[in-house]
file protein03.pdb (PDB, C-alpha atoms, pLDDT in the B column)
ATOM      1  CA  CYS A1154     -48.061 -45.045 -89.444  1.00 83.00           C
ATOM      2  CA  ALA A1155     -49.083 -45.922 -85.897  1.00 89.00           C
ATOM      3  CA  GLY A1156     -50.543 -49.175 -87.216  1.00 90.00           C
ATOM      4  CA  THR A1157     -47.212 -50.175 -88.762  1.00 93.00           C
ATOM      5  CA  ILE A1158     -45.456 -49.548 -85.470  1.00 93.00           C
ATOM      6  CA  GLY A1159     -47.957 -51.089 -83.097  1.00 90.00           C
ATOM      7  CA  ALA A1160     -51.186 -52.536 -84.496  1.00 90.00           C
ATOM      8  CA  ILE A1161     -52.293 -55.322 -82.146  1.00 90.00           C
ATOM      9  CA  GLY A1162     -51.517 -58.750 -83.564  1.00 92.00           C
ATOM     10  CA  LYS A1163     -52.874 -62.268 -83.096  1.00 88.00           C
ATOM     11  CA  ASN A1164     -56.431 -61.020 -82.651  1.00 89.00           C
ATOM     12  CA  GLY A1165     -57.836 -62.069 -86.029  1.00 89.00           C
ATOM     13  CA  LYS A1166     -58.490 -58.456 -87.032  1.00 88.00           C
ATOM     14  CA  GLY A1167     -57.034 -56.236 -89.714  1.00 88.00           C
ATOM     15  CA  VAL A1168     -53.238 -56.115 -89.827  1.00 93.00           C
ATOM     16  CA  THR A1169     -50.371 -56.847 -87.486  1.00 93.00           C
ATOM     17  CA  SER A1170     -47.308 -54.698 -86.858  1.00 94.00           C
ATOM     18  CA  VAL A1171     -43.655 -54.606 -85.874  1.00 95.00           C
ATOM     19  CA  ASN A1172     -44.728 -54.515 -82.202  1.00 93.00           C
ATOM     20  CA  PRO A1173     -47.948 -56.566 -82.005  1.00 91.00           C
ATOM     21  CA  ASP A1174     -48.008 -56.831 -78.186  1.00 91.00           C
ATOM     22  CA  PRO A1175     -49.512 -53.625 -76.704  1.00 88.00           C
ATOM     23  CA  SER A1176     -48.218 -54.506 -73.239  1.00 87.00           C
ATOM     24  CA  LYS A1177     -44.634 -53.926 -74.395  1.00 86.00           C
ATOM     25  CA  PHE A1178     -44.845 -50.223 -75.276  1.00 86.00           C
ATOM     26  CA  SER A1179     -47.106 -47.176 -75.368  1.00 89.00           C
ATOM     27  CA  PHE A1180     -47.914 -44.441 -77.889  1.00 89.00           C
ATOM     28  CA  PHE A1181     -47.976 -40.709 -77.451  1.00 90.00           C
ATOM     29  CA  ILE A1182     -49.375 -38.926 -80.502  1.00 86.00           C
ATOM     30  CA  GLY A1183     -47.922 -35.453 -81.048  1.00 88.00           C
ATOM     31  CA  LYS A1184     -50.074 -33.614 -83.589  1.00 86.00           C
ATOM     32  CA  GLY A1185     -47.825 -31.402 -85.714  1.00 88.00           C
ATOM     33  CA  LEU A1186     -50.001 -31.185 -88.839  1.00 86.00           C
ATOM     34  CA  THR A1187     -53.650 -30.597 -89.607  1.00 81.00           C
ATOM     35  CA  ASN A1188     -55.960 -33.421 -90.719  1.00 76.00           C
ATOM     36  CA  SER A1189     -55.297 -32.405 -94.329  1.00 77.00           C
ATOM     37  CA  GLY A1190     -51.530 -32.771 -93.849  1.00 80.00           C
ATOM     38  CA  SER A1191     -50.617 -29.091 -93.896  1.00 85.00           C
ATOM     39  CA  GLY A1192     -48.620 -27.334 -91.223  1.00 86.00           C
ATOM     40  CA  SER A1193     -45.419 -25.501 -90.392  1.00 89.00           C
ATOM     41  CA  SER A1194     -41.925 -26.413 -89.220  1.00 90.00           C
ATOM     42  CA  SER A1195     -42.605 -24.599 -85.947  1.00 91.00           C
ATOM     43  CA  GLY A1196     -45.762 -26.649 -85.409  1.00 92.00           C
ATOM     44  CA  VAL A1197     -43.876 -29.877 -86.034  1.00 94.00           C
ATOM     45  CA  LEU A1198     -41.107 -28.807 -83.649  1.00 94.00           C
ATOM     46  CA  GLN A1199     -43.662 -28.040 -80.968  1.00 94.00           C
ATOM     47  CA  ALA A1200     -45.179 -31.503 -81.372  1.00 95.00           C
ATOM     48  CA  VAL A1201     -41.732 -33.111 -81.195  1.00 96.00           C
ATOM     49  CA  GLU A1202     -40.869 -31.218 -78.016  1.00 96.00           C
ATOM     50  CA  THR A1203     -44.203 -32.262 -76.512  1.00 95.00           C
ATOM     51  CA  CYS A1204     -43.385 -35.891 -77.289  1.00 96.00           C
ATOM     52  CA  LYS A1205     -40.028 -35.545 -75.548  1.00 96.00           C
ATOM     53  CA  GLU A1206     -41.590 -33.860 -72.525  1.00 95.00           C
ATOM     54  CA  SER A1207     -44.132 -36.674 -72.349  1.00 95.00           C
ATOM     55  CA  GLY A1208     -41.396 -39.285 -72.060  1.00 95.00           C
ATOM     56  CA  ALA A1209     -41.049 -40.545 -75.637  1.00 96.00           C
ATOM     57  CA  ASN A1210     -37.917 -42.578 -76.338  1.00 97.00           C
ATOM     58  CA  ILE A1211     -38.482 -42.726 -80.107  1.00 98.00           C
ATOM     59  CA  ILE A1212     -40.092 -40.108 -82.334  1.00 98.00           C
ATOM     60  CA  SER A1213     -41.317 -41.176 -85.773  1.00 97.00           C
ATOM     61  CA  MET A1214     -42.038 -38.434 -88.318  1.00 97.00           C
ATOM     62  CA  SER A1215     -43.752 -39.399 -91.550  1.00 96.00           C
ATOM     63  CA  LEU A1216     -43.594 -35.870 -92.893  1.00 95.00           C
ATOM     64  CA  GLY A1217     -41.306 -33.382 -94.565  1.00 94.00           C
ATOM     65  CA  GLY A1218     -41.164 -29.912 -96.038  1.00 89.00           C
ATOM     66  CA  GLY A1219     -39.295 -26.644 -95.943  1.00 86.00           C
ATOM     67  CA  GLY A1220     -35.580 -25.974 -96.013  1.00 93.00           C
ATOM     68  CA  PHE A1221     -32.751 -26.093 -93.527  1.00 96.00           C
ATOM     69  CA  SER A1222     -33.327 -24.189 -90.308  1.00 96.00           C
ATOM     70  CA  THR A1223     -30.568 -23.422 -87.811  1.00 97.00           C
ATOM     71  CA  VAL A1224     -33.111 -23.275 -84.996  1.00 96.00           C
ATOM     72  CA  ALA A1225     -34.696 -26.614 -85.958  1.00 96.00           C
ATOM     73  CA  ASN A1226     -31.302 -28.255 -86.414  1.00 97.00           C
ATOM     74  CA  SER A1227     -30.244 -27.153 -82.936  1.00 97.00           C
ATOM     75  CA  THR A1228     -33.534 -28.244 -81.366  1.00 97.00           C
ATOM     76  CA  TYR A1229     -33.455 -31.701 -82.900  1.00 97.00           C
ATOM     77  CA  ALA A1230     -29.798 -32.111 -81.886  1.00 97.00           C
ATOM     78  CA  SER A1231     -30.670 -31.175 -78.310  1.00 97.00           C
ATOM     79  CA  ILE A1232     -33.533 -33.694 -78.202  1.00 97.00           C
ATOM     80  CA  TYR A1233     -31.288 -36.389 -79.669  1.00 98.00           C
ATOM     81  CA  ASP A1234     -28.525 -35.654 -77.140  1.00 97.00           C
ATOM     82  CA  ALA A1235     -31.145 -35.918 -74.384  1.00 97.00           C
ATOM     83  CA  GLY A1236     -31.645 -39.586 -75.290  1.00 97.00           C
ATOM     84  CA  VAL A1237     -34.430 -39.611 -77.874  1.00 98.00           C
ATOM     85  CA  LEU A1238     -34.048 -41.500 -81.157  1.00 98.00           C
ATOM     86  CA  ILE A1239     -35.606 -39.518 -84.023  1.00 98.00           C
ATOM     87  CA  VAL A1240     -36.619 -41.128 -87.324  1.00 98.00           C
ATOM     88  CA  ALA A1241     -38.070 -39.357 -90.370  1.00 98.00           C
ATOM     89  CA  ALA A1242     -39.157 -39.997 -93.950  1.00 98.00           C
ATOM     90  CA  ALA A1243     -36.457 -39.212 -96.513  1.00 98.00           C
ATOM     91  CA  GLY A1244     -38.939 -37.652 -98.954  1.00 98.00           C
ATOM     92  CA  ASN A1245     -40.942 -38.640-102.017  1.00 98.00           C
ATOM     93  CA  ALA A1246     -39.679 -36.343-104.784  1.00 97.00           C
ATOM     94  CA  GLY A1247     -37.422 -39.042-106.211  1.00 98.00           C
ATOM     95  CA  THR A1248     -34.495 -36.606-106.422  1.00 98.00           C
ATOM     96  CA  SER A1249     -31.228 -36.017-104.591  1.00 98.00           C
ATOM     97  CA  ALA A1250     -32.582 -32.913-102.855  1.00 97.00           C
ATOM     98  CA  TYR A1251     -32.444 -32.802 -99.083  1.00 97.00           C
ATOM     99  CA  SER A1252     -35.782 -33.110 -97.333  1.00 97.00           C
ATOM    100  CA  TYR A1253     -36.184 -31.826 -93.794  1.00 97.00           C
ATOM    101  CA  PRO A1254     -36.401 -32.741 -91.005  1.00 97.00           C
ATOM    102  CA  ALA A1255     -35.000 -36.103 -92.224  1.00 98.00           C
ATOM    103  CA  SER A1256     -31.741 -34.574 -93.465  1.00 98.00           C
ATOM    104  CA  TYR A1257     -30.680 -33.102 -90.133  1.00 98.00           C
ATOM    105  CA  SER A1258     -27.727 -35.164 -88.876  1.00 97.00           C
ATOM    106  CA  SER A1259     -29.402 -36.000 -85.559  1.00 98.00           C
ATOM    107  CA  ILE A1260     -32.263 -37.724 -87.404  1.00 98.00           C
ATOM    108  CA  MET A1261     -32.301 -41.105 -89.155  1.00 98.00           C
ATOM    109  CA  SER A1262     -33.411 -40.482 -92.758  1.00 98.00           C
ATOM    110  CA  VAL A1263     -35.394 -43.460 -94.078  1.00 98.00           C
ATOM    111  CA  ALA A1264     -35.631 -44.419 -97.764  1.00 98.00           C
ATOM    112  CA  ALA A1265     -38.297 -46.734 -99.195  1.00 98.00           C
ATOM    113  CA  VAL A1266     -38.038 -50.105-100.940  1.00 98.00           C
ATOM    114  CA  ASP A1267     -40.648 -52.345-102.541  1.00 98.00           C
ATOM    115  CA  SER A1268     -41.475 -55.984-101.795  1.00 97.00           C
ATOM    116  CA  ASN A1269     -38.542 -57.085-103.985  1.00 97.00           C
ATOM    117  CA  GLU A1270     -36.188 -54.870-101.973  1.00 97.00           C
ATOM    118  CA  ASN A1271     -35.693 -52.491-104.891  1.00 97.00           C
ATOM    119  CA  ARG A1272     -35.518 -48.763-104.241  1.00 98.00           C
ATOM    120  CA  ALA A1273     -38.892 -47.106-104.739  1.00 98.00           C
ATOM    121  CA  SER A1274     -38.732 -44.673-107.653  1.00 98.00           C
ATOM    122  CA  PHE A1275     -40.125 -41.844-105.519  1.00 98.00           C
ATOM    123  CA  SER A1276     -37.625 -42.278-102.683  1.00 98.00           C
ATOM    124  CA  GLN A1277     -35.151 -39.423-102.111  1.00 98.00           C
ATOM    125  CA  TYR A1278     -31.466 -40.295-102.468  1.00 98.00           C
ATOM    126  CA  ASN A1279     -28.617 -38.284-100.966  1.00 97.00           C
ATOM    127  CA  ASP A1280     -25.751 -38.516 -98.493  1.00 96.00           C
ATOM    128  CA  GLN A1281     -28.097 -38.150 -95.522  1.00 97.00           C
ATOM    129  CA  VAL A1282     -30.136 -41.278 -96.316  1.00 98.00           C
ATOM    130  CA  GLU A1283     -29.200 -43.638 -93.498  1.00 98.00           C
ATOM    131  CA  ILE A1284     -31.367 -46.734 -93.804  1.00 98.00           C
ATOM    132  CA  ALA A1285     -34.198 -48.200 -95.909  1.00 98.00           C
ATOM    133  CA  ALA A1286     -37.442 -50.042 -95.151  1.00 98.00           C
ATOM    134  CA  PRO A1287     -40.642 -51.253 -96.863  1.00 98.00           C
ATOM    135  CA  GLY A1288     -42.599 -48.343 -98.276  1.00 98.00           C
ATOM    136  CA  VAL A1289     -44.575 -49.554-101.296  1.00 98.00           C
ATOM    137  CA  GLY A1290     -48.121 -50.886-100.976  1.00 97.00           C
ATOM    138  CA  VAL A1291     -47.950 -51.011 -97.189  1.00 97.00           C
ATOM    139  CA  LYS A1292     -51.293 -51.892 -95.626  1.00 95.00           C
ATOM    140  CA  SER A1293     -51.977 -50.329 -92.261  1.00 94.00           C
ATOM    141  CA  THR A1294     -54.641 -48.791 -90.052  1.00 91.00           C
ATOM    142  CA  LEU A1295     -56.447 -45.519 -90.738  1.00 86.00           C
ATOM    143  CA  PRO A1296     -57.425 -42.993 -88.088  1.00 77.00           C
ATOM    144  CA  GLY A1297     -61.124 -42.917 -87.280  1.00 64.00           C
ATOM    145  CA  GLN A1298     -62.036 -39.261 -87.596  1.00 56.00           C
ATOM    146  CA  GLY A1299     -65.159 -38.945 -89.719  1.00 49.00           C
ATOM    147  CA  LEU A1300     -68.905 -39.142 -89.344  1.00 45.00           C
ATOM    148  CA  PRO A1301     -71.098 -41.862 -90.840  1.00 49.00           C
ATOM    149  CA  GLY A1302     -71.618 -41.282 -94.542  1.00 51.00           C
ATOM    150  CA  ASP A1303     -69.128 -38.409 -94.962  1.00 49.00           C
ATOM    151  CA  GLY A1304     -66.527 -40.530 -96.756  1.00 53.00           C
ATOM    152  CA  SER A1305     -63.857 -40.094 -94.067  1.00 53.00           C
ATOM    153  CA  PRO A1306     -61.928 -43.035 -92.585  1.00 49.00           C
ATOM    154  CA  ARG A1307     -63.736 -44.788 -89.771  1.00 52.00           C
ATOM    155  CA  ASP A1308     -62.406 -46.750 -86.812  1.00 58.00           C
ATOM    156  CA  GLY A1309     -61.432 -50.199 -88.013  1.00 65.00           C
ATOM    157  CA  SER A1310     -60.517 -49.039 -91.538  1.00 86.00           C
ATOM    158  CA  TYR A1311     -57.409 -50.120 -93.419  1.00 90.00           C
ATOM    159  CA  ALA A1312     -55.674 -49.022 -96.605  1.00 92.00           C
ATOM    160  CA  SER A1313     -52.475 -49.600 -98.569  1.00 95.00           C
ATOM    161  CA  TRP A1314     -50.224 -46.616 -99.213  1.00 95.00           C
ATOM    162  CA  SER A1315     -46.802 -45.966-100.682  1.00 98.00           C
ATOM    163  CA  GLY A1316     -44.166 -43.463 -99.591  1.00 98.00           C
ATOM    164  CA  THR A1317     -41.162 -42.964 -97.380  1.00 98.00           C
ATOM    165  CA  SER A1318     -43.800 -42.087 -94.781  1.00 97.00           C
ATOM    166  CA  MET A1319     -44.647 -45.800 -94.777  1.00 97.00           C
ATOM    167  CA  ALA A1320     -40.969 -46.793 -94.521  1.00 98.00           C
ATOM    168  CA  CYS A1321     -40.272 -44.479 -91.585  1.00 98.00           C
ATOM    169  CA  PRO A1322     -42.526 -46.260 -89.023  1.00 97.00           C
ATOM    170  CA  HIS A1323     -40.988 -49.615 -89.960  1.00 98.00           C
ATOM    171  CA  VAL A1324     -37.625 -48.340 -88.739  1.00 98.00           C
ATOM    172  CA  ALA A1325     -39.137 -46.651 -85.683  1.00 97.00           C
ATOM    173  CA  GLY A1326     -41.021 -49.858 -84.872  1.00 97.00           C
ATOM    174  CA  VAL A1327     -37.909 -52.008 -85.198  1.00 98.00           C
ATOM    175  CA  ALA A1328     -36.037 -49.557 -82.978  1.00 98.00           C
ATOM    176  CA  ALA A1329     -38.735 -49.889 -80.322  1.00 97.00           C
ATOM    177  CA  LEU A1330     -38.754 -53.682 -80.574  1.00 97.00           C
ATOM    178  CA  VAL A1331     -34.985 -53.993 -80.284  1.00 97.00           C
ATOM    179  CA  TRP A1332     -34.757 -51.407 -77.501  1.00 97.00           C
ATOM    180  CA  SER A1333     -37.321 -53.362 -75.483  1.00 96.00           C
ATOM    181  CA  HIS A1334     -34.832 -56.237 -75.331  1.00 96.00           C
ATOM    182  CA  PHE A1335     -31.900 -53.978 -74.415  1.00 97.00           C
ATOM    183  CA  PRO A1336     -33.385 -51.287 -72.164  1.00 96.00           C
ATOM    184  CA  ASN A1337     -29.975 -50.248 -70.849  1.00 97.00           C
ATOM    185  CA  CYS A1338     -28.834 -49.136 -74.287  1.00 97.00           C
ATOM    186  CA  SER A1339     -28.939 -45.477 -75.263  1.00 97.00           C
ATOM    187  CA  ASN A1340     -30.627 -44.063 -78.340  1.00 98.00           C
ATOM    188  CA  LYS A1341     -27.188 -43.816 -79.929  1.00 97.00           C
ATOM    189  CA  HIS A1342     -26.515 -47.526 -79.339  1.00 97.00           C
ATOM    190  CA  ILE A1343     -29.850 -48.405 -80.954  1.00 98.00           C
ATOM    191  CA  ARG A1344     -29.092 -46.184 -83.944  1.00 98.00           C
ATOM    192  CA  GLN A1345     -25.692 -47.815 -84.333  1.00 96.00           C
ATOM    193  CA  ALA A1346     -27.185 -51.305 -84.104  1.00 97.00           C
ATOM    194  CA  LEU A1347     -29.811 -50.549 -86.745  1.00 98.00           C
ATOM    195  CA  ILE A1348     -27.358 -49.266 -89.343  1.00 97.00           C
ATOM    196  CA  ALA A1349     -24.567 -51.747 -88.587  1.00 96.00           C
ATOM    197  CA  SER A1350     -26.927 -54.701 -88.999  1.00 97.00           C
ATOM    198  CA  ALA A1351     -28.903 -53.418 -91.996  1.00 97.00           C
ATOM    199  CA  ARG A1352     -28.895 -55.741 -95.046  1.00 97.00           C
ATOM    200  CA  ASP A1353     -26.653 -54.189 -97.664  1.00 96.00           C
ATOM    201  CA  LYS A1354     -28.317 -53.317-100.973  1.00 96.00           C
ATOM    202  CA  GLY A1355     -27.157 -51.513-104.090  1.00 93.00           C
ATOM    203  CA  ALA A1356     -23.481 -50.621-104.251  1.00 93.00           C
ATOM    204  CA  ALA A1357     -21.317 -52.449-101.714  1.00 94.00           C
ATOM    205  CA  GLY A1358     -21.356 -50.676 -98.391  1.00 93.00           C
ATOM    206  CA  CYS A1359     -23.334 -47.534 -97.626  1.00 95.00           C
ATOM    207  CA  ASP A1360     -24.748 -45.615-100.587  1.00 96.00           C
ATOM    208  CA  ARG A1361     -27.069 -42.699-101.340  1.00 97.00           C
ATOM    209  CA  LEU A1362     -30.006 -44.885-102.402  1.00 98.00           C
ATOM    210  CA  PHE A1363     -30.329 -47.315 -99.481  1.00 98.00           C
ATOM    211  CA  GLY A1364     -28.049 -45.792 -96.873  1.00 97.00           C
ATOM    212  CA  HIS A1365     -26.511 -48.630 -94.864  1.00 97.00           C
ATOM    213  CA  GLY A1366     -29.156 -51.034 -96.155  1.00 97.00           C
ATOM    214  CA  ILE A1367     -32.580 -52.433 -95.293  1.00 98.00           C
ATOM    215  CA  VAL A1368     -33.496 -52.483 -91.616  1.00 98.00           C
ATOM    216  CA  SER A1369     -33.294 -55.881 -89.908  1.00 98.00           C
ATOM    217  CA  ALA A1370     -34.830 -56.475 -86.488  1.00 98.00           C
ATOM    218  CA  GLN A1371     -33.078 -59.814 -86.025  1.00 98.00           C
ATOM    219  CA  GLY A1372     -29.804 -58.356 -87.211  1.00 98.00           C
ATOM    220  CA  ALA A1373     -29.982 -55.459 -84.766  1.00 98.00           C
ATOM    221  CA  TYR A1374     -30.892 -57.800 -81.921  1.00 98.00           C
ATOM    222  CA  ASP A1375     -27.964 -60.103 -82.724  1.00 98.00           C
ATOM    223  CA  TYR A1376     -25.623 -57.125 -82.997  1.00 97.00           C
ATOM    224  CA  LEU A1377     -26.441 -55.903 -79.481  1.00 97.00           C
ATOM    225  CA  LYS A1378     -26.483 -59.447 -78.119  1.00 97.00           C
ATOM    226  CA  GLU A1379     -22.875 -59.765 -79.241  1.00 96.00           C
ATOM    227  CA  LYS A1380     -21.560 -56.299 -78.444  1.00 94.00           C
ATOM    228  CA  GLY A1381     -23.654 -55.232 -75.485  1.00 95.00           C
ATOM    229  CA  CYS A1382     -24.497 -51.579 -74.791  1.00 95.00           C
ATOM    230  CA  ASN A1383     -21.175 -50.216 -73.570  1.00 91.00           C
ATOM    231  CA  PHE A1384     -19.435 -49.624 -76.890  1.00 91.00           C
ATOM    232  CA  GLU A1385     -18.305 -46.244 -78.117  1.00 90.00           C
ATOM    233  CA  VAL A1386     -20.700 -44.392 -80.424  1.00 91.00           C
ATOM    234  CA  VAL A1387     -20.062 -41.522 -82.812  1.00 86.00           C
ATOM    235  CA  GLU A1388     -21.717 -38.154 -82.555  1.00 88.00           C
ATOM    236  CA  ALA A1389     -24.542 -37.344 -84.941  1.00 91.00           C
ATOM    237  CA  GLN A1390     -23.264 -37.228 -88.516  1.00 92.00           C
ATOM    238  CA  GLY A1391     -26.140 -38.734 -90.457  1.00 95.00           C
ATOM    239  CA  GLY A1392     -26.134 -40.862 -93.590  1.00 95.00           C
ATOM    240  CA  CYS A1393     -23.090 -42.918 -94.472  1.00 93.00           C
ATOM    241  CA  ASP A1394     -20.904 -41.048 -91.966  1.00 92.00           C
ATOM    242  CA  GLN A1395     -23.061 -42.359 -89.105  1.00 92.00           C
ATOM    243  CA  PHE A1396     -21.032 -45.473 -88.460  1.00 79.00           C
ATOM    244  CA  HIS A1397     -18.496 -46.816 -86.001  1.00 62.00           C
ATOM    245  CA  ASP A1398     -18.026 -50.560 -85.696  1.00 67.00           C
ATOM    246  CA  PRO A1399     -16.785 -51.362 -82.179  1.00 60.00           C
ATOM    247  CA  PRO A1400     -15.209 -54.675 -81.194  1.00 55.00           C
ATOM    248  CA  PRO A1401     -17.357 -57.194 -79.281  1.00 57.00           C
ATOM    249  CA  SER A1402     -17.727 -56.519 -75.574  1.00 53.00           C
ATOM    250  CA  THR A1403     -15.507 -58.600 -73.326  1.00 52.00           C
ATOM    251  CA  THR A1404     -16.034 -59.844 -69.804  1.00 49.00           C
ATOM    252  CA  PRO A1405     -13.129 -59.173 -67.412  1.00 44.00           C
ATOM    253  CA  PRO A1406     -11.487 -62.392 -66.112  1.00 40.00           C
TER     254      PRO A1406
END
call {"tool": "encode", "arguments": {"input": "protein03.pdb", "output": "structure tokens"}}
result
Amino acid sequence: CAGTIGAIGKNGKGVTSVNPDPSKFSFFIGKGLTNSGSGSSSGVLQAVETCKESGANIISMSLGGGGFSTVANSTYASIYDAGVLIVAAAGNAGTSAYSYPASYSSIMSVAAVDSNENRASFSQYNDQVEIAAPGVGVKSTLPGQGLPGDGSPRDGSYASWSGTSMACPHVAGVAALVWSHFPNCSNKHIRQALIASARDKGAAGCDRLFGHGIVSAQGAYDYLKEKGCNFEVVEAQGGCDQFHDPPPSTTPP
């Protein structure tokens, strides 16, 4: 996931990313799960809070599990209201069930599409899905964590994977790229720009399969270029309710 967001580009090695220039941003890795992918909601929350305390502007969560939690919902809402944009994978069960944390209203729930921009069969679909991104056969970096000969990924390894966990960092990466051009915008302005500029797919307008559509970096940039960062934004609703289209900003005479 980190490779999709920020693998170094133009170096003749491996893959590139949404943000190929490492001088434009920095990572903070909050470890909420074990190396095998297991963990708890409380462990994930602790990692998210650590990211916030360490100055993260965007938190990308390629994970999911468990049901609705009032405590978690309140915590994520507080972090969002403090200025952090939170993005999470919609889930891979291929059903309309809610997956958490993606389905909390303060979090952007990301569905997956393939290279033909069709919904991936495994991608969750419900009224909290907010946006879609590439999530089928995505090639990215692997963490180097093993010892020679033990079969674990090594530094410099790459692999192609499918899942909403691959779609999630595309949206987080685009958010970071766009925000770097409009640093005076808030997390809520960036969220609005991403969904307002997404390329519509499926039924006209927002729908349960694609949300507002497929994320578009150029579209989001153009949206903020036109409207600026002073427009009114709605409170966290999530999904298709997360939309308010303000008029273009005007310059006083």
call {"tool": "resolve_selection", "arguments": {"input": "protein03.pdb", "expression": "the PyMOL selection byres ((chain A and resi 1387) around 9)", "output": "list in words"}}
result
Lys1341, Gln1345, Glu1385, Val1386, Glu1388, Ala1389, Gln1390, Gln1395, Phe1396 and His1397 of chain A
call {"tool": "residues_around", "arguments": {"input": "protein03.pdb", "residues": "Gly1391 (chain A)", "least_positions_apart": "6", "cutoff": "9 Å", "atoms": "all atoms listed in the file", "output": "PDB file with C-alpha atoms, keeping the file's coordinate frame"}}
result
ATOM      1  CA  SER A1256     -31.741 -34.574 -93.465  1.00 98.00           C
ATOM      2  CA  TYR A1257     -30.680 -33.102 -90.133  1.00 98.00           C
ATOM      3  CA  SER A1258     -27.727 -35.164 -88.876  1.00 97.00           C
ATOM      4  CA  SER A1259     -29.402 -36.000 -85.559  1.00 98.00           C
ATOM      5  CA  ILE A1260     -32.263 -37.724 -87.404  1.00 98.00           C
ATOM      6  CA  MET A1261     -32.301 -41.105 -89.155  1.00 98.00           C
ATOM      7  CA  SER A1262     -33.411 -40.482 -92.758  1.00 98.00           C
ATOM      8  CA  ASP A1280     -25.751 -38.516 -98.493  1.00 96.00           C
ATOM      9  CA  GLN A1281     -28.097 -38.150 -95.522  1.00 97.00           C
ATOM     10  CA  VAL A1282     -30.136 -41.278 -96.316  1.00 98.00           C
ATOM     11  CA  GLU A1283     -29.200 -43.638 -93.498  1.00 98.00           C
TER      12      GLU A1283
END
call {"tool": "residues_around", "arguments": {"input": "protein03.pdb", "residues": "Ser1191 (chain A)", "least_positions_apart": "4", "cutoff": "10 Å", "atoms": "only C-alpha atoms", "output": "VMD selection string"}}
result
chain A and resid 1185 to 1187 1216 1218
call {"tool": "closest_atom_pairs", "arguments": {"input": "protein03.pdb", "of": "region 1245-1325 of chain A", "to": "region 1157-1166 of chain A", "cutoff": "10 Å", "atoms": "all atoms listed in the file", "output": "CSV"}}
result
residue,atom,partner,partner_atom,distance
A:Val1291,CA,A:Thr1157,CA,8.5
A:Lys1292,CA,A:Thr1157,CA,8.2
A:Ser1293,CA,A:Thr1157,CA,5.9
A:Thr1294,CA,A:Ala1160,CA,7.5
A:Gly1309,CA,A:Lys1166,CA,8.8
A:Met1319,CA,A:Thr1157,CA,7.9
A:Ala1320,CA,A:Thr1157,CA,9.1
A:Cys1321,CA,A:Thr1157,CA,9.4
A:Pro1322,CA,A:Ile1158,CA,5.7
A:His1323,CA,A:Ile1158,CA,6.3
A:Val1324,CA,A:Ile1158,CA,8.6
A:Ala1325,CA,A:Ile1158,CA,7.0
call {"tool": "closest_residue", "arguments": {"input": "protein03.pdb", "among": "A:Asn1210, A:Thr1228, A:Ser1313, A:Ser1215", "to": "Ser1195 (chain A)", "atoms": "only C-alpha atoms"}}
result
A:Thr1228
call {"tool": "resolve_selection", "arguments": {"input": "protein03.pdb", "expression": "the PyMOL selection byres ((chain A and resi 1289) around 8)", "output": "list of chain:residue names"}}
result
A:Ala1265, A:Val1266, A:Asp1267, A:Ser1268, A:Ala1273, A:Pro1287, A:Gly1288, A:Gly1290, A:Val1291, A:Trp1314, A:Ser1315, A:Gly1316, A:Met1319
call {"tool": "resolve_selection", "arguments": {"input": "protein03.pdb", "expression": "the PyMOL selection byres ((chain A and resi 1205) around 12)", "output": "VMD selection string"}}
result
chain A and resid 1181 to 1183 1198 to 1204 1206 to 1213 1228 to 1229 1231 to 1239
call {"tool": "write_last_selection", "arguments": {"input": "protein03.pdb", "atoms": "C-alpha atoms", "output": "PDB file, in the coordinates of the input"}}
result
ATOM      1  CA  PHE A1181     -47.976 -40.709 -77.451  1.00 90.00           C
ATOM      2  CA  ILE A1182     -49.375 -38.926 -80.502  1.00 86.00           C
ATOM      3  CA  GLY A1183     -47.922 -35.453 -81.048  1.00 88.00           C
ATOM      4  CA  LEU A1198     -41.107 -28.807 -83.649  1.00 94.00           C
ATOM      5  CA  GLN A1199     -43.662 -28.040 -80.968  1.00 94.00           C
ATOM      6  CA  ALA A1200     -45.179 -31.503 -81.372  1.00 95.00           C
ATOM      7  CA  VAL A1201     -41.732 -33.111 -81.195  1.00 96.00           C
ATOM      8  CA  GLU A1202     -40.869 -31.218 -78.016  1.00 96.00           C
ATOM      9  CA  THR A1203     -44.203 -32.262 -76.512  1.00 95.00           C
ATOM     10  CA  CYS A1204     -43.385 -35.891 -77.289  1.00 96.00           C
ATOM     11  CA  GLU A1206     -41.590 -33.860 -72.525  1.00 95.00           C
ATOM     12  CA  SER A1207     -44.132 -36.674 -72.349  1.00 95.00           C
ATOM     13  CA  GLY A1208     -41.396 -39.285 -72.060  1.00 95.00           C
ATOM     14  CA  ALA A1209     -41.049 -40.545 -75.637  1.00 96.00           C
ATOM     15  CA  ASN A1210     -37.917 -42.578 -76.338  1.00 97.00           C
ATOM     16  CA  ILE A1211     -38.482 -42.726 -80.107  1.00 98.00           C
ATOM     17  CA  ILE A1212     -40.092 -40.108 -82.334  1.00 98.00           C
ATOM     18  CA  SER A1213     -41.317 -41.176 -85.773  1.00 97.00           C
ATOM     19  CA  THR A1228     -33.534 -28.244 -81.366  1.00 97.00           C
ATOM     20  CA  TYR A1229     -33.455 -31.701 -82.900  1.00 97.00           C
ATOM     21  CA  SER A1231     -30.670 -31.175 -78.310  1.00 97.00           C
ATOM     22  CA  ILE A1232     -33.533 -33.694 -78.202  1.00 97.00           C
ATOM     23  CA  TYR A1233     -31.288 -36.389 -79.669  1.00 98.00           C
ATOM     24  CA  ASP A1234     -28.525 -35.654 -77.140  1.00 97.00           C
ATOM     25  CA  ALA A1235     -31.145 -35.918 -74.384  1.00 97.00           C
ATOM     26  CA  GLY A1236     -31.645 -39.586 -75.290  1.00 97.00           C
ATOM     27  CA  VAL A1237     -34.430 -39.611 -77.874  1.00 98.00           C
ATOM     28  CA  LEU A1238     -34.048 -41.500 -81.157  1.00 98.00           C
ATOM     29  CA  ILE A1239     -35.606 -39.518 -84.023  1.00 98.00           C
TER      30      ILE A1239
END
